[in-house]
file target-v5.cif (mmCIF, C-alpha atoms)
data_query
loop_
_atom_site.label_atom_id
_atom_site.label_comp_id
_atom_site.auth_asym_id
_atom_site.auth_seq_id
_atom_site.Cartn_x
_atom_site.Cartn_y
_atom_site.Cartn_z
CA MET I 606 119.65 98.65 107.53
CA LYS I 607 122.80 98.69 105.44
CA ARG I 608 125.12 101.65 105.11
CA PRO I 609 126.61 102.77 101.78
CA THR I 610 129.86 100.86 102.35
CA GLU I 611 128.10 97.51 102.05
CA HIS I 612 129.39 94.72 99.86
CA ALA I 613 127.23 93.20 97.18
CA PRO I 614 125.13 90.32 98.53
CA ALA I 615 126.78 86.97 98.02
CA ARG I 616 124.84 84.00 96.72
CA ARG I 617 125.29 81.67 99.67
CA THR I 618 124.98 77.92 99.89
CA LEU I 619 121.70 77.38 101.67
CA LEU I 620 122.04 73.72 102.57
CA ALA I 621 121.18 74.24 106.21
CA GLY I 622 118.17 76.36 105.40
CA MET I 623 116.91 74.07 102.66
CA ALA I 624 117.29 71.05 104.90
CA ALA I 625 115.34 72.77 107.62
CA ALA I 626 112.69 73.75 105.11
CA ALA I 627 112.35 70.20 103.88
CA GLY I 628 112.05 68.90 107.40
CA ALA I 629 109.48 71.52 108.27
CA ALA I 630 107.17 70.94 105.31
CA THR I 631 104.45 69.44 107.48
CA VAL I 632 104.59 72.47 109.74
CA TRP I 633 104.63 75.16 107.06
CA GLY I 634 102.23 73.34 104.79
CA THR I 635 99.41 73.78 107.31
CA ALA I 636 99.54 77.55 107.18
CA GLY I 637 96.18 79.15 106.55
CA LYS I 638 94.16 76.50 108.38
CA ALA I 639 92.32 77.36 111.56
CA VAL I 640 90.23 75.43 114.03
CA ALA I 641 87.02 77.02 115.24
CA ASP I 642 86.98 77.09 119.02
CA GLY I 643 84.06 79.37 119.63
CA GLY I 644 85.93 82.67 119.26
CA ARG I 645 83.76 85.63 118.42
CA GLY I 646 84.74 88.53 116.21
CA PRO I 647 88.14 90.03 115.45
CA VAL I 648 90.73 90.90 118.05
CA GLY I 649 89.69 94.08 119.86
CA ASN I 650 91.94 97.08 120.45
CA GLY I 651 91.24 97.08 124.17
CA ALA I 652 92.31 93.46 124.50
CA VAL I 653 95.50 94.13 122.52
CA ASP I 654 96.36 97.14 124.66
CA ALA I 655 95.77 95.25 127.89
CA GLU I 656 97.95 92.32 126.87
CA ALA I 657 100.68 94.61 125.56
CA ALA I 658 100.70 96.54 128.83
CA ARG I 659 101.07 93.31 130.83
CA LEU I 660 104.03 92.27 128.70
CA GLU I 661 105.85 95.59 128.44
CA GLY I 662 108.18 95.27 131.41
CA GLY I 663 109.30 91.80 130.42
CA LEU I 664 109.82 92.86 126.81
CA ILE I 665 112.09 95.72 127.88
CA GLU I 666 114.18 93.27 129.89
CA LEU I 667 114.26 90.92 126.92
CA ARG I 668 115.48 93.70 124.65
CA ARG I 669 118.25 94.55 127.10
CA ASP I 670 119.33 90.92 127.17
CA ILE I 671 119.50 90.74 123.36
CA HIS I 672 121.28 94.09 123.30
CA ARG I 673 124.00 92.79 125.62
CA HIS I 674 124.72 89.87 123.28
CA PRO I 675 125.08 91.28 119.75
CA GLU I 676 125.89 88.77 117.04
CA LEU I 677 127.35 89.38 113.59
CA PRO I 678 125.34 88.65 110.43
CA GLY I 679 125.12 84.90 109.98
CA GLU I 680 126.20 84.20 113.58
CA GLU I 681 122.90 84.78 115.41
CA ARG I 682 122.90 81.46 117.28
CA ARG I 683 122.13 82.79 120.74
CA THR I 684 119.51 85.27 119.56
CA ALA I 685 117.81 82.61 117.46
CA GLY I 686 117.74 80.31 120.48
CA VAL I 687 116.11 82.98 122.64
CA VAL I 688 113.54 83.68 119.94
CA ALA I 689 112.67 80.00 119.46
CA ARG I 690 112.20 79.44 123.20
CA LYS I 691 109.93 82.47 123.56
CA LEU I 692 107.80 81.48 120.57
CA ARG I 693 107.41 77.90 121.78
CA ALA I 694 106.47 79.13 125.25
CA ALA I 695 103.76 81.27 123.63
CA GLY I 696 102.36 78.19 121.87
CA LEU I 697 103.54 78.81 118.32
CA THR I 698 104.78 76.08 116.00
CA VAL I 699 108.49 76.80 115.54
CA THR I 700 111.09 75.83 112.94
CA THR I 701 114.74 76.75 113.44
CA GLY I 702 117.82 76.71 111.22
CA VAL I 703 115.97 78.23 108.27
CA GLY I 704 118.31 79.90 105.80
CA GLY I 705 121.06 79.85 108.40
CA HIS I 706 119.92 80.87 111.87
CA GLY I 707 116.45 81.97 110.79
CA VAL I 708 113.46 81.12 112.98
CA VAL I 709 109.91 80.72 111.66
CA GLY I 710 107.00 80.79 114.09
CA VAL I 711 103.46 79.99 112.94
CA LEU I 712 100.39 81.06 114.90
CA HIS I 713 97.00 79.73 113.83
CA GLY I 714 93.99 81.75 114.83
CA ALA I 715 90.72 80.13 115.89
CA ARG I 716 88.78 81.46 112.92
CA PRO I 717 89.33 81.18 109.16
CA GLY I 718 91.16 84.07 107.57
CA ARG I 719 94.16 85.19 105.59
CA THR I 720 97.83 84.28 106.06
CA VAL I 721 100.02 87.27 106.90
CA ALA I 722 103.78 87.34 107.53
CA TYR I 723 105.69 89.59 109.90
CA ARG I 724 109.47 89.94 109.62
CA ALA I 725 112.09 90.98 112.19
CA ASP I 726 115.87 91.01 111.69
CA MET I 727 118.15 89.71 114.45
CA ASP I 728 121.77 90.55 113.58
CA ALA I 729 123.92 93.37 114.94
CA VAL I 730 126.00 95.98 113.11
CA PRO I 731 129.52 94.85 112.16
CA PRO I 732 132.33 97.14 113.40
CA LYS I 733 133.16 98.42 109.90
CA ASP I 734 129.60 99.68 109.42
CA ILE I 735 129.47 101.77 112.60
CA VAL I 736 129.84 105.47 111.86
CA GLY I 737 133.43 106.31 112.70
CA GLY I 738 134.29 102.61 113.02
CA GLY I 739 133.96 100.27 115.95
CA HIS I 740 135.76 97.45 117.74
CA ALA I 741 133.00 94.85 117.92
CA ALA I 742 129.50 94.06 116.71
CA ALA I 743 126.86 96.22 118.39
CA HIS I 744 123.09 96.64 118.26
CA LEU I 745 123.25 100.13 116.77
CA CYS I 746 120.58 99.61 114.11
CA GLY I 747 117.67 98.63 116.35
CA HIS I 748 117.42 94.98 115.38
CA ASP I 749 117.16 94.13 119.08
CA ILE I 750 114.08 96.37 119.18
CA HIS I 751 112.69 94.78 116.00
CA THR I 752 113.11 91.28 117.41
CA THR I 753 111.56 92.25 120.74
CA VAL I 754 108.55 93.95 119.13
CA ALA I 755 107.92 90.90 116.93
CA LEU I 756 108.08 88.59 119.96
CA GLY I 757 105.68 90.93 121.74
CA VAL I 758 103.25 90.80 118.82
CA ALA I 759 103.47 87.01 118.77
CA LYS I 760 102.79 86.79 122.51
CA VAL I 761 99.84 89.21 122.38
CA LEU I 762 98.16 87.47 119.46
CA ALA I 763 98.81 84.03 120.96
CA ARG I 764 97.05 85.10 124.16
CA LEU I 765 94.13 86.35 122.05
CA ARG I 766 94.15 83.37 119.69
CA ARG I 767 90.48 82.54 120.15
CA HIS I 768 89.59 85.92 118.64
CA LEU I 769 92.24 85.77 115.91
CA SER I 770 91.39 84.98 112.30
CA GLY I 771 93.72 83.29 109.86
CA THR I 772 97.40 82.57 110.35
CA VAL I 773 100.37 84.74 111.27
CA VAL I 774 103.84 83.68 110.14
CA PHE I 775 106.69 85.30 112.07
CA LEU I 776 109.99 85.42 110.19
CA PHE I 777 112.99 86.11 112.41
CA GLN I 778 115.67 86.77 109.85
CA PRO I 779 119.44 86.52 110.13
CA ALA I 780 122.03 88.48 108.17
CA GLU I 781 120.17 91.62 107.15
CA GLU I 782 123.32 93.72 107.50
CA SER I 783 125.07 91.58 104.88
CA LEU I 784 122.00 91.65 102.60
CA SER I 785 121.92 87.86 102.49
CA GLY I 786 119.34 86.83 105.10
CA ALA I 787 116.14 87.64 103.21
CA ARG I 788 117.35 85.80 100.13
CA ALA I 789 118.28 82.80 102.28
CA LEU I 790 114.80 82.62 103.83
CA ILE I 791 113.10 83.10 100.48
CA GLU I 792 115.20 80.40 98.84
CA ALA I 793 114.39 78.14 101.79
CA GLY I 794 110.75 78.49 100.72
CA VAL I 795 109.21 80.46 103.58
CA LEU I 796 106.80 82.45 101.42
CA GLU I 797 105.64 79.56 99.25
CA ARG I 798 105.38 77.00 102.02
CA THR I 799 103.44 79.26 104.35
CA ARG I 800 101.37 80.73 101.50
CA ALA I 801 101.88 84.19 102.95
CA GLU I 802 99.62 86.67 101.16
CA GLU I 803 101.43 89.77 102.42
CA ILE I 804 104.26 90.80 104.73
CA HIS I 805 104.92 93.62 107.22
CA ALA I 806 107.87 95.00 109.19
CA LEU I 807 109.02 97.90 111.37
CA HIS I 808 112.42 99.59 111.46
CA CYS I 809 113.69 102.02 114.08
CA GLY I 810 113.92 105.56 112.77
CA PRO I 811 114.80 109.13 113.84
CA PHE I 812 111.21 110.15 114.59
CA PRO I 813 109.68 111.04 117.96
CA VAL I 814 108.78 108.08 120.11
CA GLY I 815 105.08 107.44 119.58
CA GLN I 816 105.21 108.35 115.90
CA PHE I 817 105.39 106.12 112.84
CA ALA I 818 106.64 107.15 109.40
CA VAL I 819 104.71 105.45 106.61
CA THR I 820 106.32 104.86 103.22
CA GLY I 821 103.60 104.50 100.58
CA GLY I 822 105.09 104.35 97.09
CA TYR I 823 108.57 104.78 98.53
CA GLY I 824 110.88 102.84 100.82
CA MET I 825 114.64 102.57 100.49
CA PRO I 826 116.89 102.72 97.44
CA GLY I 827 118.62 99.67 96.10
CA GLN I 828 122.29 99.62 95.22
CA ASP I 829 124.46 99.26 92.17
CA LYS I 830 128.21 98.90 91.78
CA ALA I 831 130.75 99.44 89.04
CA GLU I 832 134.41 98.72 88.57
CA VAL I 833 136.61 100.42 86.00
CA THR I 834 140.09 99.07 85.26
CA LEU I 835 142.55 101.33 83.42
CA GLN I 836 145.78 100.50 81.62
CA GLY I 837 149.02 102.28 80.82
CA PRO I 838 151.83 103.91 82.79
CA ASP I 839 149.62 106.82 83.87
CA GLY I 840 146.93 104.43 85.12
CA PRO I 841 146.99 105.54 88.80
CA GLU I 842 146.70 109.24 87.92
CA ALA I 843 144.03 108.51 85.33
CA ALA I 844 142.10 106.47 87.92
CA ARG I 845 142.11 109.41 90.33
CA ARG I 846 140.81 111.76 87.63
CA LEU I 847 138.11 109.31 86.59
CA ALA I 848 137.03 108.72 90.20
CA ALA I 849 136.62 112.48 90.64
CA GLY I 850 134.56 112.70 87.46
CA ILE I 851 132.29 109.83 88.40
CA GLY I 852 131.96 111.20 91.96
CA ALA I 853 130.53 114.41 90.49
CA LEU I 854 127.44 112.44 89.39
CA ALA I 855 126.23 112.46 93.02
CA THR I 856 123.37 114.86 93.67
CA VAL I 857 123.23 114.31 97.44
CA THR I 858 125.91 113.73 100.07
CA PRO I 859 125.74 111.83 103.37
CA PRO I 860 124.97 113.92 106.46
CA GLN I 861 128.04 115.11 108.36
CA THR I 862 126.42 116.81 111.36
CA PRO I 863 123.27 116.38 113.46
CA ALA I 864 121.85 119.45 111.73
CA ASP I 865 122.33 117.68 108.39
CA ILE I 866 120.35 114.69 109.67
CA GLU I 867 117.57 116.94 110.97
CA ARG I 868 117.36 118.59 107.55
CA MET I 869 117.34 115.23 105.81
CA VAL I 870 114.41 113.99 107.92
CA THR I 871 112.47 117.15 107.05
CA ASP I 872 113.37 116.91 103.37
CA ALA I 873 112.20 113.29 103.23
CA GLN I 874 108.71 114.45 104.28
CA THR I 875 108.62 117.26 101.71
CA PRO I 876 106.71 116.59 98.47
CA ASP I 877 109.01 117.02 95.45
CA GLY I 878 111.90 117.71 97.84
CA PRO I 879 115.62 117.06 97.34
CA PHE I 880 115.24 113.29 97.62
CA ALA I 881 112.38 112.89 95.14
CA ARG I 882 115.07 112.19 92.52
CA PHE I 883 118.69 111.63 93.53
CA VAL I 884 121.99 109.87 93.04
CA ALA I 885 124.05 109.04 96.14
CA LEU I 886 127.45 107.86 94.89
CA ARG I 887 130.95 107.10 96.10
CA ALA I 888 133.90 106.51 93.77
CA SER I 889 137.42 105.65 94.93
CA ALA I 890 140.65 105.00 93.07
CA GLN I 891 143.21 102.39 94.04
CA GLU I 892 146.17 101.98 91.70
CA THR I 893 144.62 101.55 88.23
CA LYS I 894 141.13 100.60 89.44
CA VAL I 895 138.09 102.77 90.20
CA SER I 896 135.44 101.27 92.45
CA VAL I 897 131.96 102.80 92.45
CA SER I 898 129.02 102.19 94.78
CA TYR I 899 125.82 104.15 94.36
CA ARG I 900 122.12 104.38 95.07
CA CYS I 901 119.53 106.31 93.14
CA TRP I 902 115.86 107.09 93.02
CA PRO I 903 113.74 106.19 91.23
CA GLN I 904 115.37 102.84 90.63
CA GLU I 905 114.94 103.17 86.85
CA ARG I 906 117.80 105.69 87.00
CA TYR I 907 120.34 102.89 87.29
CA THR I 908 120.32 102.56 83.51
CA GLU I 909 121.01 106.28 83.16
CA VAL I 910 123.84 106.25 85.71
CA ARG I 911 125.46 103.20 84.12
CA GLU I 912 125.47 104.99 80.79
CA GLU I 913 127.11 108.04 82.39
CA ILE I 914 129.83 105.92 83.98
CA ARG I 915 130.57 104.27 80.64
CA ARG I 916 130.63 107.67 78.94
CA LEU I 917 133.10 109.08 81.48
CA ALA I 918 135.36 106.03 81.18
CA GLU I 919 135.32 105.92 77.37
CA PRO I 920 138.08 108.53 76.76
CA TYR I 921 140.57 106.50 78.80
CA ALA I 922 142.44 104.08 76.54
CA GLY I 923 141.83 100.45 77.39
CA ALA I 924 139.24 101.23 80.10
CA ALA I 925 137.21 98.14 81.04
CA VAL I 926 133.89 98.79 82.82
CA SER I 927 131.97 96.06 84.63
CA PHE I 928 128.66 96.00 86.52
CA PRO I 929 126.74 93.27 88.34
CA ALA I 930 124.09 91.55 86.23
CA GLU I 931 121.38 93.49 88.10
CA PRO I 932 121.45 96.15 90.83
CA PHE I 933 120.22 95.13 94.27
CA PRO I 934 116.52 96.10 94.13
CA ALA I 935 114.93 99.09 95.78
CA LEU I 936 112.44 98.60 98.61
CA VAL I 937 109.14 99.98 97.33
CA CYS I 938 106.00 99.81 99.48
CA PRO I 939 102.62 99.59 97.70
CA GLU I 940 100.62 102.77 98.27
CA PRO I 941 97.25 101.14 99.09
CA ASP I 942 98.78 99.06 101.90
CA ALA I 943 100.62 102.07 103.33
CA ARG I 944 97.48 104.19 103.27
CA ALA I 945 95.54 101.44 105.04
CA LEU I 946 98.24 101.21 107.71
CA ALA I 947 98.24 104.99 108.19
CA ARG I 948 94.47 104.91 108.75
CA HIS I 949 94.86 102.06 111.24
CA LEU I 950 97.58 103.89 113.20
CA ARG I 951 95.60 107.13 113.35
CA ARG I 952 92.56 105.29 114.64
CA ARG I 953 94.61 103.43 117.22
CA LEU I 954 97.10 106.05 118.36
CA GLY I 955 95.79 109.43 117.22
CA ARG I 956 96.28 111.67 114.18
CA ASP I 957 99.70 112.88 115.31
CA SER I 958 101.02 109.32 115.39
CA VAL I 959 101.70 109.19 111.64
CA ALA I 960 104.23 111.01 109.48
CA THR I 961 104.29 110.40 105.73
CA LEU I 962 107.54 110.05 103.84
CA ARG I 963 107.53 111.62 100.37
CA SER I 964 110.78 110.06 99.17
CA ALA I 965 113.08 107.11 99.69
CA PHE I 966 114.57 107.26 103.19
CA PRO I 967 117.33 107.21 104.16
CA PRO I 968 118.79 107.85 100.71
CA PHE I 969 122.15 106.40 101.77
CA SER I 970 121.00 103.03 103.11
CA GLY I 971 119.26 99.93 101.80
CA GLU I 972 117.40 96.86 103.09
CA ASP I 973 117.08 93.28 101.92
CA TYR I 974 113.40 93.41 102.92
CA ALA I 975 113.06 94.62 99.32
CA LEU I 976 113.29 90.98 98.21
CA TYR I 977 110.10 90.05 100.07
CA LEU I 978 108.18 92.97 98.58
CA GLU I 979 109.19 91.84 95.10
CA ARG I 980 107.11 88.72 95.75
CA VAL I 981 104.22 89.74 98.00
CA PRO I 982 102.70 93.12 98.92
CA GLY I 983 103.13 94.64 102.34
CA THR I 984 104.38 97.54 104.42
CA TYR I 985 107.68 98.72 105.84
CA THR I 986 107.27 101.42 108.43
CA PHE I 987 109.63 103.43 110.60
CA LEU I 988 109.04 103.18 114.34
CA GLY I 989 109.94 106.44 116.05
CA VAL I 990 112.55 105.84 118.76
CA ARG I 991 113.81 109.36 119.47
CA ALA I 992 113.43 110.31 123.12
CA PRO I 993 112.22 113.85 123.87
CA GLY I 994 115.12 116.32 123.91
CA SER I 995 117.71 113.78 122.77
CA PRO I 996 120.20 114.38 119.92
CA ILE I 997 118.99 112.97 116.63
CA THR I 998 122.05 110.71 116.43
CA THR I 999 120.61 108.68 119.32
CA SER I 1000 117.82 107.55 117.00
CA TYR I 1001 119.68 107.39 113.67
CA PRO I 1002 120.94 103.86 112.97
CA HIS I 1003 124.65 103.02 112.91
CA PHE I 1004 125.74 106.03 114.96
CA PRO I 1005 127.80 105.02 118.01
CA ASP I 1006 125.47 106.88 120.39
CA PHE I 1007 122.33 105.17 119.03
CA ALA I 1008 120.11 104.73 122.09
CA PRO I 1009 116.43 104.18 121.22
CA ASP I 1010 113.70 105.11 123.68
CA GLU I 1011 112.48 101.76 125.04
CA ARG I 1012 108.93 103.05 125.29
CA SER I 1013 108.84 102.44 121.54
CA ILE I 1014 108.67 98.69 122.22
CA GLY I 1015 105.22 98.76 123.79
CA ILE I 1016 103.99 101.25 121.20
CA GLY I 1017 105.24 99.04 118.38
CA VAL I 1018 103.62 95.95 119.87
CA ARG I 1019 100.24 97.67 120.27
CA ALA I 1020 100.31 99.04 116.75
CA MET I 1021 101.51 95.93 114.97
CA ALA I 1022 99.46 93.39 116.91
CA GLY I 1023 96.32 95.31 116.01
CA TRP I 1024 97.43 95.79 112.42
CA ILE I 1025 98.31 92.14 111.85
CA ALA I 1026 95.03 91.00 113.42
CA GLU I 1027 93.20 93.38 111.09
CA ARG I 1028 95.03 92.05 108.02
CA THR I 1029 94.34 88.39 108.80
CA HIS I 1030 90.63 89.11 109.26
CA ARG I 1031 88.78 88.66 105.96
#

call {"tool": "encode", "arguments": {"input": "target-v5.cif", "output": "structure tokens"}}
result
Amino acid sequence: MKRPTEHAPARRTLLAGMAAAAGAATVWGTAGKAVADGGRGPVGNGAVDAEAARLEGGLIELRRDIHRHPELPGEERRTAGVVARKLRAAGLTVTTGVGGHGVVGVLHGARPGRTVAYRADMDAVPPKDIVGGGHAAAHLCGHDIHTTVALGVAKVLARLRRHLSGTVVFLFQPAEESLSGARALIEAGVLERTRAEEIHALHCGPFPVGQFAVTGGYGMPGQDKAEVTLQGPDGPEAARRLAAGIGALATVTPPQTPADIERMVTDAQTPDGPFARFVALRASAQETKVSVSYRCWPQERYTEVREEIRRLAEPYAGAAVSFPAEPFPALVCPEPDARALARHLRRRLGRDSVATLRSAFPPFSGEDYALYLERVPGTYTFLGVRAPGSPITTSYPHFPDFAPDERSIGIGVRAMAGWIAERTHR
């Protein structure tokens, strides 16, 4: 999950990823095939729960190991190595070095079915993106949890392979925090080569442990940027005035206190609430230049905001306004898939296990998972990691006291293993 201070995603050279993709064509090209081995029926909930329970202690230790070794975006060598070893030990076909340090694991079920992808991000939060600043990379966004849950799902389904239909493709993605990892995997061909029909993911969120927040029709906002260059001897003063004027376009402001975060979580679940339509914007002046970074919802508002920025800059003589060719896209989850997931979770974990978000959340952060959902349908769901009685900052990503309840790991594995098995079953 990327905070508002992020830089625009760079178009990287993907030689390593493309080379790995080319070398792995015989592996990925077999996705969707299954060999009948006498399995009967779809994977059962009881079997999933039993396997998840057996694995839970080891998964918690695995998460702690990953947590102790955070790696910056694009530098996930150790984490990728751990992931590859665990997947191979579980019997998956594994390709490494995809789009950088990405790892792709393919699990073929014993019965014919659909091909479904599951994505987990592996990188840690860079120091500059930690609230208040930090001194080193740290797992303060929950990617260690995401990686561990995905490995747990892979292990559970591998143990139940004879009852599994179709094929599951596990994408362990690097560089989410820099918004470059998803593009790297996509450009390396993971979706086309595996013929993934849909994709799913979890992200840690400030909801009670045991609860999931489903995002049908919503997700996370994208991001746009602008740069205005002014001329003349009064350029610095003019830049400060313009930055103030552009800053006034914001309709929401980032939370400053735990109470603000609590209110934001409530507002995000309120139909037609404050985040149903918003602009979250920051404008800063440096010498004769104004830099603008903003998010909005719905994403069609980018055109409107760009026009407003141009209008505000127009009175300044010689003002030059520039934007990227396209904003980074919003993450929008298809409603039918989200509703189906909500039904699955309620059946599996009880009616109180599901909260429904009624707006983009959080309004101040984005995700490169949006690039997958531009190509295939799927879900993106928040996994509640807030321990009972704990401050909300312990479950809100990028805060220095982020400390997710580890019981969420087993809950996430149970939920997602069952969900993925359901989606691969025709």

call {"tool": "residues_near_point", "arguments": {"input": "target-v5.cif", "point": "(125.8, 93.2, 114.9)", "cutoff": "9 Å", "atoms": "all atoms listed in the file", "output": "PyMOL selection string"}}
result
chain I and resi 675-678+681+727-732+741-746+748+782

call {"tool": "atom_distance", "arguments": {"input": "target-v5.cif", "atom1": "CA of Glu832 (chain I)", "atom2": "CA of Gly739 (chain I)"}}
result
27.4 Å

call {"tool": "residues_around", "arguments": {"input": "target-v5.cif", "residues": "Ala818 (chain I)", "least_positions_apart": "4", "cutoff": "8 Å", "atoms": "only C-alpha atoms", "output": "ChimeraX atom specification"}}
result
/I:812,959-962,986-989

call {"tool": "resolve_selection", "arguments": {"input": "target-v5.cif", "expression": "the PyMOL selection byres ((chain I and resi 876) around 12)", "output": "list in words"}}
result
Tyr823, Thr871, Asp872, Ala873, Gln874, Thr875, Asp877, Gly878, Pro879, Phe880, Ala881, Arg882, Thr961, Leu962, Arg963, Ser964 and Ala965 of chain I

call {"tool": "resolve_selection", "arguments": {"input": "target-v5.cif", "expression": "the PyMOL selection byres ((chain I and resi 839) around 12)", "output": "list of chain:residue names"}}
result
I:Leu835, I:Gln836, I:Gly837, I:Pro838, I:Gly840, I:Pro841, I:Glu842, I:Ala843, I:Ala844, I:Arg845, I:Arg846, I:Glu892, I:Thr893, I:Lys894, I:Tyr921, I:Ala922, I:Gly923

call {"tool": "closest_residue", "arguments": {"input": "target-v5.cif", "among": "I:Val758, I:Leu886, I:Ala918, I:Ala930", "to": "Thr834 (chain I)", "atoms": "all atoms listed in the file"}}
result
I:Ala918

call {"tool": "resolve_selection", "arguments": {"input": "target-v5.cif", "expression": "the PyMOL selection byres ((chain I and resi 975) around 8)", "output": "ChimeraX atom specification"}}
result
/I:934-937,972-974,976-979

call {"tool": "closest_residue", "arguments": {"input": "target-v5.cif", "among": "I:Leu765, I:Ala695, I:Ala924, I:Ile1014", "to": "Gly815 (chain I)", "atoms": "all atoms listed in the file"}}
result
I:Ile1014

call {"tool": "atom_distance", "arguments": {"input": "target-v5.cif", "atom1": "CA of Leu854 (chain I)", "atom2": "CA of Ser896 (chain I)"}}
result
14.1 Å

call {"tool": "closest_residue", "arguments": {"input": "target-v5.cif", "among": "I:Tyr1001, I:Phe775, I:Phe969, I:Phe883", "to": "Ile866 (chain I)", "atoms": "all atoms listed in the file"}}
result
I:Tyr1001

call {"tool": "atom_distance", "arguments": {"input": "target-v5.cif", "atom1": "CA of Cys901 (chain I)", "atom2": "CA of Thr820 (chain I)"}}
result
16.7 Å

call {"tool": "closest_residue", "arguments": {"input": "target-v5.cif", "among": "I:Ser970, I:Val721, I:Ile665, I:Arg915", "to": "Ser770 (chain I)", "atoms": "all atoms listed in the file"}}
result
I:Val721

call {"tool": "residues_around", "arguments": {"input": "target-v5.cif", "residues": "Tyr899 (chain I)", "least_positions_apart": "3", "cutoff": "9 Å", "atoms": "only C-alpha atoms", "output": "NGL selection string"}}
result
:I and (609 or 827-831 or 855 or 884-888 or 969)

call {"tool": "residues_around", "arguments": {"input": "target-v5.cif", "residues": "region 734-736 of chain I", "least_positions_apart": "4", "cutoff": "7 Å", "atoms": "only C-alpha atoms", "output": "list in words"}}
result
Arg608, Val730, His1003, Phe1004 and Pro1005 of chain I

call {"tool": "residues_around", "arguments": {"input": "target-v5.cif", "residues": "Asp957 (chain I)", "least_positions_apart": "3", "cutoff": "10 Å", "atoms": "only C-alpha atoms", "output": "MDAnalysis selection string"}}
result
chainID I and resid 815:817 950:951 954 960

call {"tool": "closest_residue", "arguments": {"input": "target-v5.cif", "among": "I:Arg911, I:Arg800, I:Arg724, I:Arg764", "to": "Leu776 (chain I)", "atoms": "all atoms listed in the file"}}
result
I:Arg724

call {"tool": "residues_around", "arguments": {"input": "target-v5.cif", "residues": "Ala943 (chain I)", "least_positions_apart": "3", "cutoff": "9 Å", "atoms": "all atoms listed in the file", "output": "ChimeraX atom specification"}}
result
/I:819-822,938-940,946-948,983-986

call {"tool": "write_last_selection", "arguments": {"input": "target-v5.cif", "atoms": "C-alpha atoms", "output": "PDB file, keeping the file's coordinate frame"}}
result
ATOM      1  CA  VAL I 819     104.710 105.450 106.610  1.00  0.00           C
ATOM      2  CA  THR I 820     106.320 104.860 103.220  1.00  0.00           C
ATOM      3  CA  GLY I 821     103.600 104.500 100.580  1.00  0.00           C
ATOM      4  CA  GLY I 822     105.090 104.350  97.090  1.00  0.00           C
ATOM      5  CA  CYS I 938     106.000  99.810  99.480  1.00  0.00           C
ATOM      6  CA  PRO I 939     102.620  99.590  97.700  1.00  0.00           C
ATOM      7  CA  GLU I 940     100.620 102.770  98.270  1.00  0.00           C
ATOM      8  CA  LEU I 946      98.240 101.210 107.710  1.00  0.00           C
ATOM      9  CA  ALA I 947      98.240 104.990 108.190  1.00  0.00           C
ATOM     10  CA  ARG I 948      94.470 104.910 108.750  1.00  0.00           C
ATOM     11  CA  GLY I 983     103.130  94.640 102.340  1.00  0.00           C
ATOM     12  CA  THR I 984     104.380  97.540 104.420  1.00  0.00           C
ATOM     13  CA  TYR I 985     107.680  98.720 105.840  1.00  0.00           C
ATOM     14  CA  THR I 986     107.270 101.420 108.430  1.00  0.00           C
TER      15      THR I 986
END

call {"tool": "decode", "arguments": {"input": "target-v5.cif", "residues": "region 955-964 of chain I", "atoms": "N, CA and C atoms", "output": "PDB file, in the first residue's frame"}}
result
ATOM      1  N   GLY I 955     -19.107 -16.965   9.493  1.00  0.00           N
ATOM      2  CA  GLY I 955     -20.197 -16.333  10.234  1.00  0.00           C
ATOM      3  C   GLY I 955     -20.555 -14.957   9.678  1.00  0.00           C
ATOM      4  N   ARG I 956     -21.769 -14.522   9.947  1.00  0.00           N
ATOM      5  CA  ARG I 956     -22.272 -13.271   9.381  1.00  0.00           C
ATOM      6  C   ARG I 956     -21.460 -12.062   9.834  1.00  0.00           C
ATOM      7  N   ASP I 957     -20.943 -12.093  11.052  1.00  0.00           N
ATOM      8  CA  ASP I 957     -20.193 -10.947  11.555  1.00  0.00           C
ATOM      9  C   ASP I 957     -18.779 -10.861  10.993  1.00  0.00           C
ATOM     10  N   SER I 958     -18.411 -11.800  10.139  1.00  0.00           N
ATOM     11  CA  SER I 958     -17.044 -11.821   9.616  1.00  0.00           C
ATOM     12  C   SER I 958     -16.835 -10.845   8.472  1.00  0.00           C
ATOM     13  N   VAL I 959     -17.897 -10.227   7.972  1.00  0.00           N
ATOM     14  CA  VAL I 959     -17.785  -9.390   6.779  1.00  0.00           C
ATOM     15  C   VAL I 959     -18.287  -7.978   7.041  1.00  0.00           C
ATOM     16  N   ALA I 960     -17.437  -6.998   6.736  1.00  0.00           N
ATOM     17  CA  ALA I 960     -17.850  -5.599   6.669  1.00  0.00           C
ATOM     18  C   ALA I 960     -17.830  -5.210   5.190  1.00  0.00           C
ATOM     19  N   THR I 961     -18.662  -4.251   4.824  1.00  0.00           N
ATOM     20  CA  THR I 961     -18.741  -3.820   3.427  1.00  0.00           C
ATOM     21  C   THR I 961     -18.315  -2.362   3.320  1.00  0.00           C
ATOM     22  N   LEU I 962     -17.313  -2.108   2.514  1.00  0.00           N
ATOM     23  CA  LEU I 962     -16.871  -0.737   2.297  1.00  0.00           C
ATOM     24  C   LEU I 962     -17.743  -0.082   1.238  1.00  0.00           C
ATOM     25  N   ARG I 963     -18.144   1.160   1.509  1.00  0.00           N
ATOM     26  CA  ARG I 963     -19.037   1.896   0.612  1.00  0.00           C
ATOM     27  C   ARG I 963     -18.316   3.017  -0.124  1.00  0.00           C
ATOM     28  N   SER I 964     -16.989   3.004  -0.040  1.00  0.00           N
ATOM     29  CA  SER I 964     -16.194   4.018  -0.742  1.00  0.00           C
ATOM     30  C   SER I 964     -14.781   3.495  -0.908  1.00  0.00           C
TER      31      SER I 964
END
